[in-house]
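Asker: My structure file work-v4.txt, compact mmCIF, C-alpha atoms, is below:
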```txt
# COMPACT_ATOMS: atom_id res chain seq x y z
CA MET X 32 18.20 27.26 -16.86
CA GLU X 33 15.49 27.12 -14.19
CA ALA X 34 13.01 25.65 -16.64
CA THR X 35 15.25 22.68 -17.43
CA GLN X 36 16.19 21.94 -13.83
CA LYS X 37 15.52 18.35 -12.80
CA THR X 38 14.05 17.24 -9.51
CA MET X 39 14.44 13.99 -7.61
CA LYS X 40 12.18 12.35 -5.03
CA VAL X 41 14.37 12.07 -1.95
CA THR X 42 13.09 10.01 0.99
CA VAL X 43 14.79 10.60 4.34
CA LEU X 44 14.46 8.39 7.41
CA ARG X 45 13.36 10.60 10.34
CA TYR X 46 13.58 9.87 14.04
CA ARG X 47 13.06 12.44 16.77
CA PRO X 48 13.39 10.54 20.05
CA GLU X 49 11.26 13.01 22.07
CA GLN X 50 8.20 12.63 19.82
CA ASP X 51 8.61 9.55 17.58
CA LYS X 52 8.12 6.00 18.82
CA GLU X 53 10.00 4.60 15.84
CA PRO X 54 11.74 5.89 12.68
CA TRP X 55 9.51 7.00 9.81
CA GLU X 56 10.03 8.15 6.21
CA GLN X 57 9.53 11.63 4.81
CA THR X 58 9.75 12.39 1.08
CA PHE X 59 10.83 15.69 -0.53
CA ASP X 60 11.17 16.93 -4.12
CA VAL X 61 14.71 18.20 -4.40
CA PRO X 62 15.91 20.15 -7.48
CA TYR X 63 19.41 19.21 -8.56
CA HIS X 64 22.23 20.04 -10.99
CA LYS X 65 25.03 17.82 -12.19
CA ASP X 66 27.14 18.92 -9.20
CA THR X 67 24.56 18.51 -6.42
CA SER X 68 25.81 16.12 -3.74
CA VAL X 69 23.60 14.19 -1.33
CA LEU X 70 24.87 16.49 1.44
CA GLU X 71 23.72 19.53 -0.55
CA ALA X 72 20.35 17.88 -1.09
CA LEU X 73 20.07 17.52 2.69
CA PHE X 74 21.01 21.22 3.12
CA TYR X 75 18.26 22.07 0.61
CA ILE X 76 15.72 20.05 2.58
CA LYS X 77 16.84 21.66 5.87
CA ASP X 78 16.73 25.20 4.40
CA ASN X 79 13.44 24.88 2.50
CA PHE X 80 11.24 22.18 4.07
CA GLU X 81 12.36 20.72 7.40
CA PRO X 82 14.60 22.92 9.61
CA SER X 83 14.56 20.20 12.28
CA LEU X 84 16.33 17.61 10.06
CA SER X 85 19.55 16.49 11.79
CA PHE X 86 22.66 15.11 10.10
CA ARG X 87 26.41 15.23 10.75
CA TRP X 88 28.75 17.02 8.38
CA SER X 89 31.85 19.16 8.45
CA CYS X 90 34.43 19.34 5.65
CA ARG X 91 32.27 18.73 2.53
CA MET X 92 35.27 17.17 0.76
CA ALA X 93 35.60 13.57 1.98
CA VAL X 94 38.27 14.31 4.55
CA CYS X 95 36.49 14.46 7.92
CA GLY X 96 34.39 11.28 7.78
CA SER X 97 31.31 12.85 9.43
CA CYS X 98 28.64 12.34 6.77
CA GLY X 99 28.57 8.55 6.35
CA MET X 100 25.00 7.41 5.62
CA MET X 101 23.05 4.84 3.63
CA VAL X 102 22.07 5.98 0.13
CA ASN X 103 19.64 3.48 -1.44
CA GLY X 104 20.87 0.90 1.07
CA VAL X 105 24.58 1.34 0.36
CA PRO X 106 26.99 3.10 2.78
CA HIS X 107 28.32 6.33 1.25
CA LEU X 108 29.80 9.67 2.27
CA ALA X 109 26.99 12.16 1.53
CA CYS X 110 29.51 14.76 0.32
CA LYS X 111 31.11 12.38 -2.19
CA THR X 112 27.86 10.99 -3.64
CA PHE X 113 26.02 12.86 -6.38
CA LEU X 114 22.36 12.93 -7.34
CA ARG X 115 23.30 12.78 -11.05
CA ASP X 116 24.42 9.17 -10.54
CA TYR X 117 20.88 8.25 -9.47
CA GLU X 118 19.14 9.94 -12.41
CA GLY X 119 15.77 8.42 -13.28
CA LYS X 120 15.57 6.76 -9.85
CA ASP X 121 14.27 7.82 -6.45
CA MET X 122 16.71 8.25 -3.60
CA LYS X 123 16.40 6.94 -0.07
CA ILE X 124 18.72 8.31 2.62
CA GLU X 125 18.99 6.43 5.90
CA PRO X 126 21.38 6.59 8.86
CA LEU X 127 24.40 4.23 8.79
CA ALA X 128 23.29 0.61 9.24
CA ASN X 129 24.43 -1.50 12.21
CA PHE X 130 24.64 1.53 14.55
CA PRO X 131 21.94 2.80 16.93
CA ILE X 132 20.11 5.91 15.65
CA GLU X 133 20.40 8.99 17.87
CA ARG X 134 18.28 11.39 15.82
CA ASP X 135 17.30 11.44 12.11
CA LEU X 136 20.55 10.63 10.22
CA VAL X 137 22.80 10.90 13.27
CA VAL X 138 24.02 7.55 14.65
CA ASP X 139 25.80 6.66 17.89
CA LEU X 140 29.36 5.78 16.83
CA SER X 141 30.69 5.22 20.37
CA ASP X 142 31.20 1.47 19.73
CA LEU X 143 33.44 2.25 16.72
CA ILE X 144 35.39 4.88 18.70
CA GLU X 145 35.86 2.50 21.66
CA LYS X 146 37.18 -0.26 19.35
CA ILE X 147 39.60 2.08 17.62
CA GLU X 148 40.90 3.18 21.03
CA ARG X 149 41.18 -0.42 22.21
CA ILE X 150 43.71 -1.47 19.55
CA LYS X 151 46.14 1.37 20.50
CA PRO X 152 46.13 3.32 17.21
CA TYR X 153 49.35 5.22 17.77
CA ILE X 154 53.07 4.61 17.37
CA ILE X 155 54.51 2.84 20.40
CA PRO X 156 58.31 3.22 20.09
CA ASP X 157 60.68 0.60 21.52
CA ALA X 158 62.85 1.46 24.52
CA LYS X 159 65.75 2.44 22.26
CA ASN X 160 63.73 5.07 20.38
CA ALA X 161 61.48 6.25 23.21
CA ASN X 162 64.00 8.89 24.29
CA MET X 163 65.09 9.88 20.81
CA PRO X 164 65.91 13.61 20.70
CA LEU X 165 63.23 15.68 18.97
CA ASN X 166 65.72 17.16 16.49
CA LYS X 167 66.63 13.70 15.19
CA ASN X 168 64.67 12.18 12.31
CA PHE X 169 63.45 8.63 12.16
CA LYS X 170 64.56 7.24 8.82
CA GLN X 171 61.94 5.46 6.72
CA THR X 172 62.47 4.16 3.21
CA PRO X 173 59.73 4.55 0.56
CA MET X 174 59.20 0.78 0.76
CA GLN X 175 58.73 0.90 4.54
CA MET X 176 56.20 3.70 4.10
CA GLU X 177 54.35 1.84 1.36
CA ALA X 178 53.71 -1.05 3.76
CA TYR X 179 51.21 0.99 5.77
CA LEU X 180 50.37 4.16 3.78
CA GLN X 181 47.19 2.89 2.10
CA PHE X 182 45.80 1.70 5.44
CA ALA X 183 46.57 5.07 7.03
CA GLN X 184 44.01 6.81 4.79
CA CYS X 185 41.07 5.78 7.03
CA ILE X 186 38.86 8.69 8.14
CA ASN X 187 36.78 6.66 10.64
CA CYS X 188 33.51 7.34 8.79
CA GLY X 189 32.01 3.96 9.77
CA CYS X 190 30.91 2.98 6.23
CA CYS X 191 32.77 -0.35 6.53
CA TYR X 192 30.93 -1.22 9.76
CA ALA X 193 27.60 -0.46 8.06
CA ALA X 194 28.65 -2.78 5.21
CA CYS X 195 30.04 -5.63 7.34
CA PRO X 196 27.69 -8.65 7.67
CA GLN X 197 29.88 -10.09 10.45
CA TYR X 198 29.59 -6.92 12.55
CA LYS X 199 25.83 -7.07 12.02
CA LEU X 200 25.76 -10.70 13.25
CA ASN X 201 28.15 -10.13 16.17
CA PRO X 202 28.68 -6.56 17.43
CA LYS X 203 31.62 -7.80 19.53
CA PHE X 204 33.66 -8.13 16.30
CA ILE X 205 36.41 -5.49 16.43
CA GLY X 206 35.51 -4.70 12.84
CA PRO X 207 37.14 -3.49 9.60
CA ALA X 208 38.39 0.01 10.45
CA ALA X 209 39.90 -0.85 13.85
CA LEU X 210 41.59 -4.02 12.54
CA THR X 211 42.95 -2.06 9.58
CA LEU X 212 44.47 0.52 11.96
CA LEU X 213 45.86 -2.31 14.08
CA TYR X 214 47.64 -3.70 11.02
CA ARG X 215 48.69 -0.22 9.91
CA TYR X 216 50.59 0.43 13.18
CA ASN X 217 51.97 -3.12 13.42
CA VAL X 218 53.72 -2.83 10.04
CA ASP X 219 55.05 0.70 10.64
CA ASN X 220 58.80 0.35 11.19
CA ARG X 221 58.75 3.14 13.81
CA ASP X 222 56.37 1.06 15.92
CA ALA X 223 57.18 -1.66 18.43
CA GLY X 224 53.71 -2.22 19.89
CA ALA X 225 52.71 -5.37 17.97
CA LYS X 226 52.94 -7.50 21.14
CA LEU X 227 50.51 -5.21 22.98
CA ARG X 228 48.03 -5.36 20.08
CA ALA X 229 48.43 -9.11 19.46
CA PRO X 230 45.78 -10.31 21.97
CA PHE X 231 43.11 -8.28 20.12
CA LEU X 232 44.22 -9.46 16.67
CA ASN X 233 44.50 -13.12 17.79
CA SER X 234 41.11 -13.30 19.51
CA GLU X 235 37.88 -14.65 18.06
CA GLU X 236 36.48 -11.08 18.00
CA GLY X 237 39.64 -9.95 16.17
CA ALA X 238 40.73 -10.94 12.67
CA TRP X 239 39.13 -14.39 13.02
CA SER X 240 35.53 -13.16 12.92
CA CYS X 241 36.09 -11.97 9.35
CA THR X 242 34.99 -14.37 6.60
CA PHE X 243 36.42 -12.26 3.77
CA VAL X 244 33.13 -11.05 2.33
CA GLY X 245 35.00 -7.95 1.13
CA TYR X 246 32.03 -5.54 1.05
CA CYS X 247 33.94 -3.18 3.41
CA SER X 248 36.59 -2.62 0.73
CA GLU X 249 33.92 -2.08 -1.91
CA VAL X 250 32.17 0.73 0.00
CA CYS X 251 35.26 2.41 1.54
CA PRO X 252 35.23 6.02 0.25
CA LYS X 253 38.99 6.36 0.79
CA HIS X 254 39.95 3.06 -0.97
CA VAL X 255 41.64 1.79 2.18
CA ASP X 256 40.79 -1.86 1.41
CA PRO X 257 40.12 -3.05 4.99
CA SER X 258 39.46 -6.65 3.93
CA SER X 259 42.99 -6.90 2.58
CA ALA X 260 44.39 -5.50 5.85
CA ILE X 261 42.39 -8.08 7.82
CA GLN X 262 43.62 -11.00 5.66
CA LEU X 263 47.20 -9.75 6.13
CA GLY X 264 46.39 -9.52 9.83
CA LYS X 265 45.26 -13.16 9.75
CA LYS X 266 48.63 -14.10 8.26
CA MET X 267 50.32 -12.18 11.09
CA SER X 268 48.11 -13.87 13.70
CA ALA X 269 48.61 -17.37 12.22
CA THR X 270 52.41 -16.90 12.27
CA ASP X 271 52.16 -15.80 15.90
CA TYR X 272 49.99 -18.87 16.64
CA VAL X 273 52.55 -21.28 15.20
CA PHE X 274 55.47 -19.60 17.00
CA ASN X 275 53.49 -19.67 20.23
CA MET X 276 52.96 -23.43 19.78
CA ILE X 277 56.69 -23.99 19.42
CA LYS X 278 57.70 -21.61 22.20
CA PRO X 279 54.77 -20.48 24.41
CA GLU X 280 55.18 -17.00 25.84
CA HIS X 281 53.07 -17.49 28.91
CA MET L 133 45.51 -1.13 36.28
CA ARG L 134 44.90 -4.67 35.07
CA GLN L 135 43.38 -4.75 31.62
CA PHE L 136 41.07 -7.52 30.46
CA LEU L 137 42.58 -9.22 27.43
CA PRO L 138 40.65 -11.56 25.11
CA THR L 139 41.76 -15.18 24.76
CA ARG L 140 43.61 -16.52 21.73
CA SER L 141 41.45 -18.12 19.05
CA ASP L 142 42.22 -21.60 17.67
CA GLU L 143 41.04 -20.51 14.25
CA PRO L 144 44.60 -20.15 12.78
CA MET L 145 44.96 -23.96 12.81
CA TYR L 146 41.84 -24.40 10.66
CA TRP L 147 42.63 -21.36 8.58
CA LEU L 148 46.12 -22.65 7.70
CA MET L 149 44.61 -25.99 6.60
CA PHE L 150 41.96 -24.07 4.66
CA GLY L 151 44.69 -22.02 2.97
CA ALA L 152 46.72 -25.12 2.12
CA GLY L 153 43.56 -26.80 0.74
CA GLY L 154 42.85 -23.72 -1.36
CA MET L 155 46.32 -23.94 -2.88
CA VAL L 156 45.81 -27.64 -3.63
CA ALA L 157 42.39 -26.97 -5.21
CA SER L 158 43.60 -24.10 -7.35
CA MET L 159 47.10 -25.25 -8.32
CA VAL L 160 47.89 -28.91 -7.58
CA LEU L 161 44.59 -30.48 -8.62
CA PRO L 162 44.46 -28.86 -12.11
CA ALA L 163 48.07 -29.97 -12.67
CA ILE L 164 47.21 -33.56 -11.71
CA MET L 165 44.20 -33.50 -14.02
CA VAL L 166 46.22 -32.11 -16.93
CA VAL L 167 48.85 -34.80 -16.49
CA LEU L 168 46.27 -37.60 -16.20
CA ILE L 169 44.27 -36.40 -19.19
CA ALA L 170 47.40 -35.88 -21.25
CA ALA L 171 48.58 -39.40 -20.36
CA GLY L 172 45.19 -40.82 -21.29
CA LEU L 173 45.01 -38.97 -24.60
CA THR L 174 48.52 -39.72 -25.75
CA SER L 175 49.08 -43.34 -24.75
CA GLY L 176 45.59 -44.77 -24.49
CA ASP L 177 46.26 -45.69 -20.87
CA LEU L 178 42.75 -44.68 -19.80
CA GLN L 179 39.89 -47.11 -20.47
CA ASN L 180 36.65 -45.19 -21.04
CA GLY L 181 38.17 -42.27 -19.15
CA PHE L 182 39.09 -44.37 -16.09
CA LEU L 183 42.28 -45.93 -14.81
CA ASN L 184 42.16 -49.73 -14.89
CA LEU L 185 42.64 -51.74 -11.70
CA GLY L 186 46.26 -52.50 -12.45
CA GLN L 187 47.04 -48.82 -12.79
CA VAL L 188 45.25 -48.01 -9.52
CA TYR L 189 47.33 -50.69 -7.78
CA GLY L 190 50.36 -49.15 -9.41
CA ILE L 191 49.64 -45.83 -7.71
CA PHE L 192 48.84 -47.22 -4.27
CA SER L 193 51.68 -49.70 -4.09
CA ASN L 194 53.97 -46.66 -4.10
CA TRP L 195 53.92 -45.23 -0.56
CA PHE L 196 54.93 -41.74 -1.72
CA LEU L 197 52.15 -41.45 -4.33
CA SER L 198 49.75 -42.89 -1.77
CA LEU L 199 50.76 -40.23 0.73
CA CYS L 200 50.28 -37.52 -1.92
CA VAL L 201 46.76 -38.76 -2.71
CA PHE L 202 45.95 -38.79 1.01
CA GLY L 203 47.33 -35.25 1.40
CA VAL L 204 45.20 -34.00 -1.48
CA ILE L 205 42.01 -35.63 -0.14
CA PHE L 206 42.68 -34.53 3.46
CA LEU L 207 43.36 -30.90 2.56
CA LEU L 208 40.52 -30.65 0.03
CA SER L 209 37.96 -32.03 2.47
CA PHE L 210 39.06 -29.59 5.21
CA TYR L 211 39.10 -26.77 2.68
CA ALA L 212 35.56 -27.41 1.45
CA LEU L 213 33.98 -28.14 4.84
CA HIS L 214 35.70 -25.18 6.58
CA ARG L 215 34.13 -22.90 3.98
CA MET L 216 30.71 -24.51 4.53
CA HIS L 217 31.07 -24.17 8.33
CA HIS L 218 31.69 -20.42 7.98
CA SER L 219 28.99 -19.99 5.33
CA SER L 220 26.43 -21.58 7.66
CA HIS L 221 27.32 -18.79 10.15
CA ASP L 222 26.67 -16.24 7.39
CA PHE L 223 23.28 -17.84 6.77
CA GLY L 224 22.33 -17.38 10.41
CA ILE L 225 23.19 -20.82 11.85
CA HIS L 226 25.43 -20.03 14.82
CA SER L 227 25.26 -23.45 16.50
CA LYS L 228 28.48 -25.18 17.56
CA LEU L 229 26.93 -28.20 15.78
CA THR L 230 28.19 -27.00 12.36
CA TRP L 231 31.73 -27.11 13.76
CA TYR L 232 31.32 -30.80 14.70
CA ILE L 233 29.56 -31.66 11.41
CA ALA L 234 32.10 -29.87 9.20
CA TYR L 235 35.38 -30.90 10.82
CA GLY L 236 33.94 -34.29 11.82
CA SER L 237 33.04 -35.07 8.20
CA ALA L 238 36.41 -33.80 6.98
CA ALA L 239 38.18 -36.05 9.50
CA ALA L 240 35.91 -39.00 8.58
CA ILE L 241 36.59 -38.55 4.84
CA SER L 242 40.32 -38.40 5.55
CA PHE L 243 40.26 -41.53 7.75
CA ILE L 244 38.19 -43.50 5.24
CA SER L 245 40.58 -42.49 2.47
CA LEU L 246 43.57 -43.46 4.63
CA GLY L 247 41.96 -46.79 5.51
CA LEU L 248 41.13 -47.64 1.89
CA GLN L 249 44.65 -46.77 0.82
CA LEU L 250 46.18 -48.96 3.51
CA LEU L 251 43.96 -51.86 2.41
CA MET L 252 44.99 -51.15 -1.19
CA TYR L 253 48.67 -51.10 -0.12
CA VAL L 254 48.45 -54.52 1.52
CA LYS L 255 46.53 -55.77 -1.57
CA PHE L 256 43.36 -56.55 0.42
CA PHE L 257 41.12 -55.97 -2.64
```
Turn the structure described in the file into structure tokens.
Answerer:
Amino acid sequence: MEATQKTMKVTVLRYRPEQDKEPWEQTFDVPYHKDTSVLEALFYIKDNFEPSLSFRWSCRMAVCGSCGMMVNGVPHLACKTFLRDYEGKDMKIEPLANFPIERDLVVDLSDLIEKIERIKPYIIPDAKNANMPLNKNFKQTPMQMEAYLQFAQCINCGCCYAACPQYKLNPKFIGPAALTLLYRYNVDNRDAGAKLRAPFLNSEEGAWSCTFVGYCSEVCPKHVDPSSAIQLGKKMSATDYVFNMIKPEH
Amino acid sequence: MRQFLPTRSDEPMYWLMFGAGGMVASMVLPAIMVVLIAAGLTSGDLQNGFLNLGQVYGIFSNWFLSLCVFGVIFLLSFYALHRMHHSSHDFGIHSKLTWYIAYGSAAAISFISLGLQLLMYVKFF
């Protein structure tokens, strides 16, 4: 078995702020099997060559959203990407694009977190339901659940922001994941917070910065389809615009 | 605590016209072409693939057909130039100038079309 084991040239972008002026590349020969993930390749490098290599990870099964990184220039979850799919090629692992690098493969995601917080990603009940007793259930039909379920699968990994050319051009853009969550809560029938979220959706930095490139949906490891959520959000915002023309609210 | 809220974008207006133009381009225009080509093939109404002057007058002396032609031209020009305005942003041109060029040209095309149709309607040509 050992004799037939394949190896791959894996290049990792390194950056140690206390000693490096700018990021640089380091290449390793990593042995792999058909079930070796990129995350395991990074473990191998850390255990055998470079103990100082830094990268985020936690669940190892595409649930936590910690290990988003660029593999050959495409945003991927390291735990859900396998070396076997790159057979015959070299591999280049870089930190997520469009975010500042903190150290090696670790990026500063505070802009993403701030934007997700800004759009109020939680159920805001109306006055009638706010004091609903805890032992009472809120009824939801399968159809009402279907309206938002797909968009609720987001794990905040940041792959869509690394893919988005509009976020790259204008970092003020609220971006795919946050706008998807905005839509997800707006269409939830338990929620009554659409009015509070509307200013963010209706603004230039909201849905209207998106030009429907669709790369976010292509790279999303959870098949959330953010570009679809943003186009549906545009429909919501355009309806609001027309109603506001007829009967201005303020 | 007073929270800073962003201002409303005017983009929905352009986007709705863009959407309407997209529908015209993908559904109405092919239907018009099928009807025209079918008419030309079956009755020999088309001369060398074109309508003759009498037929053109026939269309523009009817105010409803005239309005339809204007609607198609107006929406298609906004549709195409809106897309080009946003594509120029993707190509790294972020000047407000593309806004004026795109929507200005779309408005100019629409006005020229409207003007020509009015002249046609009053039999100026």
Asker: Considering all atoms listed in the file, return as an NGL selection string whatever protein or nucleic-acid residues lie within 8 Å of segment 68-79 of chain X, sequence-local ones (same chain, fewer than 5 positions apart) excluded.
Answerer: :X and (59 or 61 or 63 or 84 or 88 or 91 or 98 or 109-114)
Asker: Counting only C-alpha atoms, I want the residues whose atoms come within 12 Å of (41.5, -2.0, 11.8) in the file frame, returned as a PDB file with C-alpha atoms, in the frame of the given file.
Answerer:
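So out.pdb came out as:
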```pdb
ATOM      1  CA  LEU X 143      33.440   2.250  16.720  1.00  0.00           C
ATOM      2  CA  ILE X 144      35.390   4.880  18.700  1.00  0.00           C
ATOM      3  CA  LYS X 146      37.180  -0.260  19.350  1.00  0.00           C
ATOM      4  CA  ILE X 147      39.600   2.080  17.620  1.00  0.00           C
ATOM      5  CA  GLU X 148      40.900   3.180  21.030  1.00  0.00           C
ATOM      6  CA  ARG X 149      41.180  -0.420  22.210  1.00  0.00           C
ATOM      7  CA  ILE X 150      43.710  -1.470  19.550  1.00  0.00           C
ATOM      8  CA  LYS X 151      46.140   1.370  20.500  1.00  0.00           C
ATOM      9  CA  PRO X 152      46.130   3.320  17.210  1.00  0.00           C
ATOM     10  CA  TYR X 179      51.210   0.990   5.770  1.00  0.00           C
ATOM     11  CA  PHE X 182      45.800   1.700   5.440  1.00  0.00           C
ATOM     12  CA  ALA X 183      46.570   5.070   7.030  1.00  0.00           C
ATOM     13  CA  GLN X 184      44.010   6.810   4.790  1.00  0.00           C
ATOM     14  CA  CYS X 185      41.070   5.780   7.030  1.00  0.00           C
ATOM     15  CA  ILE X 186      38.860   8.690   8.140  1.00  0.00           C
ATOM     16  CA  ASN X 187      36.780   6.660  10.640  1.00  0.00           C
ATOM     17  CA  GLY X 189      32.010   3.960   9.770  1.00  0.00           C
ATOM     18  CA  CYS X 191      32.770  -0.350   6.530  1.00  0.00           C
ATOM     19  CA  TYR X 192      30.930  -1.220   9.760  1.00  0.00           C
ATOM     20  CA  PHE X 204      33.660  -8.130  16.300  1.00  0.00           C
ATOM     21  CA  ILE X 205      36.410  -5.490  16.430  1.00  0.00           C
ATOM     22  CA  GLY X 206      35.510  -4.700  12.840  1.00  0.00           C
ATOM     23  CA  PRO X 207      37.140  -3.490   9.600  1.00  0.00           C
ATOM     24  CA  ALA X 208      38.390   0.010  10.450  1.00  0.00           C
ATOM     25  CA  ALA X 209      39.900  -0.850  13.850  1.00  0.00           C
ATOM     26  CA  LEU X 210      41.590  -4.020  12.540  1.00  0.00           C
ATOM     27  CA  THR X 211      42.950  -2.060   9.580  1.00  0.00           C
ATOM     28  CA  LEU X 212      44.470   0.520  11.960  1.00  0.00           C
ATOM     29  CA  LEU X 213      45.860  -2.310  14.080  1.00  0.00           C
ATOM     30  CA  TYR X 214      47.640  -3.700  11.020  1.00  0.00           C
ATOM     31  CA  ARG X 215      48.690  -0.220   9.910  1.00  0.00           C
ATOM     32  CA  TYR X 216      50.590   0.430  13.180  1.00  0.00           C
ATOM     33  CA  ASN X 217      51.970  -3.120  13.420  1.00  0.00           C
ATOM     34  CA  ARG X 228      48.030  -5.360  20.080  1.00  0.00           C
ATOM     35  CA  PHE X 231      43.110  -8.280  20.120  1.00  0.00           C
ATOM     36  CA  LEU X 232      44.220  -9.460  16.670  1.00  0.00           C
ATOM     37  CA  GLY X 237      39.640  -9.950  16.170  1.00  0.00           C
ATOM     38  CA  ALA X 238      40.730 -10.940  12.670  1.00  0.00           C
ATOM     39  CA  CYS X 241      36.090 -11.970   9.350  1.00  0.00           C
ATOM     40  CA  CYS X 247      33.940  -3.180   3.410  1.00  0.00           C
ATOM     41  CA  VAL X 255      41.640   1.790   2.180  1.00  0.00           C
ATOM     42  CA  ASP X 256      40.790  -1.860   1.410  1.00  0.00           C
ATOM     43  CA  PRO X 257      40.120  -3.050   4.990  1.00  0.00           C
ATOM     44  CA  SER X 258      39.460  -6.650   3.930  1.00  0.00           C
ATOM     45  CA  SER X 259      42.990  -6.900   2.580  1.00  0.00           C
ATOM     46  CA  ALA X 260      44.390  -5.500   5.850  1.00  0.00           C
ATOM     47  CA  ILE X 261      42.390  -8.080   7.820  1.00  0.00           C
ATOM     48  CA  GLN X 262      43.620 -11.000   5.660  1.00  0.00           C
ATOM     49  CA  LEU X 263      47.200  -9.750   6.130  1.00  0.00           C
ATOM     50  CA  GLY X 264      46.390  -9.520   9.830  1.00  0.00           C
ATOM     51  CA  LYS X 265      45.260 -13.160   9.750  1.00  0.00           C
TER      52      LYS X 265
END
```
Asker: Any idea which chain L residues end up within 7 Å of chain X if we count all atoms listed in the file, as a list in words please?
Answerer: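 Here they are: Leu137, Pro138, Thr139, Arg140, Ser141, Glu143 and Pro144 of chain L.
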Asker: Taking C-alpha atoms for each residue, export the selection above as a tab-separated table (two decimals), in the coordinates of the input.
Answerer:
```tsv
chain	number	residue	atom	x	y	z
L	137	LEU	CA	42.58	-9.22	27.43
L	138	PRO	CA	40.65	-11.56	25.11
L	139	THR	CA	41.76	-15.18	24.76
L	140	ARG	CA	43.61	-16.52	21.73
L	141	SER	CA	41.45	-18.12	19.05
L	143	GLU	CA	41.04	-20.51	14.25
L	144	PRO	CA	44.60	-20.15	12.78
```
Asker: Rounded to one decimal, what separation in Å do you get between atom CA of Ser220 of chain L and atom CA of Ala152 of chain L?
Answerer: 21.3 Å
Asker: Work out how far apart atom CA of His254 of chain X and atom CA of Ala193 of chain X are and give it in Å to one decimal.
Answerer: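 Computed distance, atom CA of His254 of chain X to atom CA of Ala193 of chain X, equals 15.7 Å.
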Asker: Enclose all atoms of segment 210-225 of chain X listed in the file in an axis-aligned box, grow every side by 4 Å, and hand back centre and edge lengths in Å to one decimal, as AutoDock Vina command-line options.
Answerer:
```
--center_x 50.2 --center_y -1.1 --center_z 14.7 --size_x 25.2 --size_y 16.5 --size_z 18.3
```
Asker: Which value, in Å to one decimal, gives the distance between atom CA of Lys65 of chain X and atom CA of Gln36 of chain X?
Answerer: 9.9 Å
Asker: Hey, what's within 8 Å of Val250 of chain X if we count only C-alpha atoms and toss same-chain stuff fewer than 5 positions away? As a PyMOL selection string, please?
Answerer: chain X and resi 105-107+190-191+194
Asker: Using all atoms listed in the file, which of the listed residues (L:Gly203, L:Gly224, L:Gly236, L:Gly190) sits closest to Met252 of chain L?
Answerer: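 Once distances to Met252 of chain L are computed over all atoms listed in the file, the minimum belongs to L:Gly190.
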Asker: Can you list, as a ChimeraX atom specification, every protein, DNA or RNA residue that comes within 10 Å of segment 38-49 of chain X when you count all atoms listed in the file, leaving out same-chain residues fewer than 5 positions away?
Answerer: /X:54-64,69,72-73,76,83-85,102-103,114-115,117-126,132-137
Asker: Fewer than 5 positions away in the same chain doesn't count, so skip those; otherwise give me all residues within 10 Å of Met155 of chain L, counting all atoms listed in the file, as a list in words.
Answerer: Met149, Phe150, Val160, Leu161, Leu207, Leu208 and Tyr211 of chain L
Asker: With only C-alpha atoms counted, which protein, DNA or RNA residues have an atom no more than 10 Å from (38.8, -28.3, 0.1) in the file frame? Please answer as a PyMOL selection string.
Answerer: chain L and resi 149-158+204-216+238
Asker: Env of Ser245 of chain L: 10 Å cut, atoms = all atoms listed in the file, seq-sep filter 2 positions within chain, self excluded. Answer as number ranges by chain.
Answerer: L: 201-203, 205-206, 239-243, 247-251
